[in-house]
Each structure stands twice: as C-alpha cells, then as structure tokens.
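Here's the structure we're looking at; comments come further down.
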Amino acid sequence: MSAALTALGVIPARLASTRLPRKVLREIAGRPLIVRVYEAAKRSRDLAEVLVATDAQEVVDACARFRVPAAMTSADHPSGTDRVWEVAQTRAADMYVNIQGDEPLITPGHIARLVTPFRERPDTQVTTLKIRLLPEEVDNPNVNKVVCAADGRALYFSKYPVPYDRDGRGVVRYKHIGLYAYRRAALEAFHRLSPSPLEQTEKLEQLRFLENGIPITVVETDEPTIGVDTEADLRAVEAHFAALS
C-alpha cells in the first residue's frame, strides 16, 4: 500500500452469534476461528494494520494468547459496520477494511480487489466483492446474492436468487462475499442513519447504503471463500487447514 493511502483492517467479532453460537472462538486446527481470520488478513501487504474489534473480554483474552491485537467496543452495536465505525473514531486511516470474523480463507487478492477502486477513483465510497454463484447455492438463503449495474455499482443485495430468470434463458448470478472497505465519511453516514426498510426486510445491513444514495462498488473475484455460519462450514474449513498441514 502506498504511503499516501493507508488502509486499516478491522475484524468485527461478536461472541453472541446466532446460527453458530460462539463461533469466533471455535477451534480450527488448534487455533480459534478469529485468530485464523487475523492470520489470513495479516498476509495482505495492502493493510497497514489489522485488529479485532469485539464486545467480549473472552475474545480479547483469546486473541492475547496468540498476540493478536484486539479492542473492546460497545456491546450495543447492531452490526459489524457499527463496530468498525467505533474503531475509526480513534484510528486514522484513508479507508477501513471490514473483514468478517468468520472468513478464515480470505487472501491478499481479496484485500487488493477491495482497495484498488479507492486508488483508481477518488470518489469511491464503499467497496465489496462478488463471485459467480454455484448451482447448489442458488436457493440457499444463507448465501447472499448481488445484482450490479454495468459500471460495477451494486443495484441490490438479497438472500433470494436474483435476478429472476422469467423466461429460463439462463442467467449468471453472483454471490456476495461479505468483505467491505469504506471511506470514513461513508462509515459516519451509515452509523448516523437509521436502519432502512429494505435492510430490515432482508436483514442485510449493506442495503442501508443503497437506500440512502451511497454507492457500493462491487469487484469480481475468482477466489472462493467459506464463511463459517454452520457446523458444516466449520468442518469444511477444518478440512482445508488439515490438507495444508
């Protein structure tokens, strides 16, 4: 990363997850999930620093055992984006990269794709990633989908398999990978605005940006990830790390 443009990596880690309780502390090949995510993020040369932002002392303590920097943030934050916002109040950077605490297979390539639009287009406010949707993911509501305009800006995010192929002509659909980068102004706007109607309907926080006219630039990647939301996901990630050892 150029000295003229700094990026801070923040890993929001809420202990009270719903689908897979306490998942950030679940062990993967001898290390907590959150530590695996940190180690993956640290491989990126685009991040000046990486830290965990959590609401639980237990997570801070687990991170300390592996020398992972962690900051306590408010337990009242309803989203990971709000947790990144709190970190931004005391940590200066040109952009803030939100690295989901359940994405241990992120790569330097993912981070590079997130930050490149900020270098190339100074008006970029928010970025995220997409990858081609696999057939078995189409009807899975745990897999978020994204539809984009011709210029790469997000039109909509949904758990439903959008766009609807009315005439059965065949359509390329995209999975949304929940990694983001933001300008501080975009973070401030998100935190200030109330949850939007579509956000509340779909339970997808990124829709708050779109409903309030803040564009999201979506960059395609061909590197798949496994977001750990279920026991099956956990086993798949464990198998991945076991194959590396």
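A note on labels: chains of the structure tokens are A, B, ... as shown, every chain counts residues from 1, and ligands are counted from 1 in their shown order.
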Please provide the set of residues having any atom within 7 Å of Glu103 in chain A, restricted to only C-alpha atoms, with same-chain residues fewer than 4 positions apart removed, written as a PDB file with all heavy atoms, in the first residue's frame.
ATOM      1  N   VAL A  37      -8.654 -15.937  11.072  1.00  0.00           N
ATOM      2  CA  VAL A  37      -9.021 -14.805  10.219  1.00  0.00           C
ATOM      3  C   VAL A  37      -7.939 -13.727  10.277  1.00  0.00           C
ATOM      4  O   VAL A  37      -7.524 -13.180   9.246  1.00  0.00           O
ATOM      5  CB  VAL A  37     -10.384 -14.230  10.627  1.00  0.00           C
ATOM      6  CG1 VAL A  37     -10.717 -12.989   9.802  1.00  0.00           C
ATOM      7  CG2 VAL A  37     -11.481 -15.280  10.474  1.00  0.00           C
ATOM      8  N   THR A 225     -14.355 -18.345  -1.009  1.00  0.00           N
ATOM      9  CA  THR A 225     -14.147 -18.358   0.433  1.00  0.00           C
ATOM     10  C   THR A 225     -15.185 -19.278   1.061  1.00  0.00           C
ATOM     11  O   THR A 225     -16.126 -19.716   0.396  1.00  0.00           O
ATOM     12  CB  THR A 225     -14.296 -16.955   1.059  1.00  0.00           C
ATOM     13  OG1 THR A 225     -15.656 -16.544   0.918  1.00  0.00           O
ATOM     14  CG2 THR A 225     -13.381 -15.952   0.398  1.00  0.00           C
ATOM     15  N   ILE A 226     -15.016 -19.550   2.341  1.00  0.00           N
ATOM     16  CA  ILE A 226     -16.045 -20.265   3.103  1.00  0.00           C
ATOM     17  C   ILE A 226     -16.346 -19.431   4.339  1.00  0.00           C
ATOM     18  O   ILE A 226     -15.529 -19.342   5.253  1.00  0.00           O
ATOM     19  CB  ILE A 226     -15.579 -21.675   3.525  1.00  0.00           C
ATOM     20  CG1 ILE A 226     -15.249 -22.530   2.298  1.00  0.00           C
ATOM     21  CG2 ILE A 226     -16.675 -22.360   4.360  1.00  0.00           C
ATOM     22  CD1 ILE A 226     -14.704 -23.915   2.654  1.00  0.00           C
ATOM     23  N   GLY A 227     -17.493 -18.764   4.339  1.00  0.00           N
ATOM     24  CA  GLY A 227     -17.929 -18.058   5.531  1.00  0.00           C
ATOM     25  C   GLY A 227     -18.490 -19.070   6.516  1.00  0.00           C
ATOM     26  O   GLY A 227     -19.359 -19.874   6.159  1.00  0.00           O
ATOM     27  N   VAL A 228     -17.996 -19.072   7.730  1.00  0.00           N
ATOM     28  CA  VAL A 228     -18.380 -20.100   8.705  1.00  0.00           C
ATOM     29  C   VAL A 228     -19.673 -19.684   9.409  1.00  0.00           C
ATOM     30  O   VAL A 228     -19.666 -18.868  10.329  1.00  0.00           O
ATOM     31  CB  VAL A 228     -17.248 -20.342   9.731  1.00  0.00           C
ATOM     32  CG1 VAL A 228     -17.681 -21.392  10.752  1.00  0.00           C
ATOM     33  CG2 VAL A 228     -15.979 -20.784   9.024  1.00  0.00           C
TER      34      VAL A 228
END
Pick out the residues sitting within 12 Å of Arg192 in chain A, and hand them over as a PyMOL selection string; count only C-alpha atoms, and ignore anything fewer than 4 positions along from it in its own chain. chain A and resi 81-82+85+185-188+196+208-209+212
Which residues come within 12 Å of Ala181 in chain A, counting only C-alpha atoms, excluding same-chain residues fewer than 5 positions away, as a PyMOL selection string? chain A and resi 6-11+46-47+81+84-85+93-100+110-118+124-129+186-187+206+216-219
Would you list, as a PyMOL selection string, the residues of range 32-194 of chain A that end up in strand (DSSP E) under DSSP run on this structure's backbone? chain A and resi 32+49-54+70-72+95-98+126-132+145-148+154-158+174-182
Considering only C-alpha atoms, can you say which of A:Asn140, A:Glu202, A:Tyr174, A:Leu210 comes closest to Ser158 in chain A?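 Using only C-alpha atoms, Ser158 in chain A sits closest to A:Glu202.
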In terms of the shortest atom-to-atom distance over only C-alpha atoms, which of A:Ala150, A:Pro215, A:Val68, A:Pro163 is closest to Arg183 in chain A? A:Pro215
Rank nothing, just name the residue among A:Arg166, A:Arg22, A:Lys175, A:His191 nearest to Glu205 in chain A, using only C-alpha atoms.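 Smallest distance to Glu205 in chain A is found for A:His191.
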Who sits within 7 Å of range 52-54 of chain A, only C-alpha atoms, same chain under 3 positions skipped, as an MDAnalysis selection string: chainID A and resid 10:14 59 69:73 83
CA of Asp139 in chain A to CA of Phe241 in chain A: how many Å, to one decimal?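 Straight-line distance from CA of Asp139 in chain A to CA of Phe241 in chain A works out to 27.9 Å.
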Spatial neighbours of Val24 in chain A, max dist 7 Å, only C-alpha atoms, sep filter under 3 positions, as a list in words: Ala13, Leu15, Pro32, Leu33, Ile34, Gly101 and Asp102 of chain A
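In this structure, CA of Arg132 in chain A sits 6.2 Å away from CA of Arg173 in chain A.
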From the set A:Pro104, A:Pro122, A:Gly30, A:Gly152, which residue has the shortest atom-to-atom contact distance to Phe66 in chain A, counting only C-alpha atoms?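 For Phe66 in chain A, the nearest of the given residues is A:Gly30.
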Can you work out the spacing between CA of Thr230 in chain A and CA of Arg43 in chain A in Å, to one decimal? 25.7 Å
When you count only C-alpha atoms, which of these residues is closest to Val50 in chain A: A:Val87, A:Ile131, A:Leu20, A:Ile28? A:Val87
For each of A:Cys148, A:Arg26, A:Tyr160, A:Glu136, take the minimum atom-to-atom distance to Thr201 in chain A, counting only C-alpha atoms, then give the residue where this is smallest.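 Selected residue with least distance to Thr201 in chain A: A:Tyr160.
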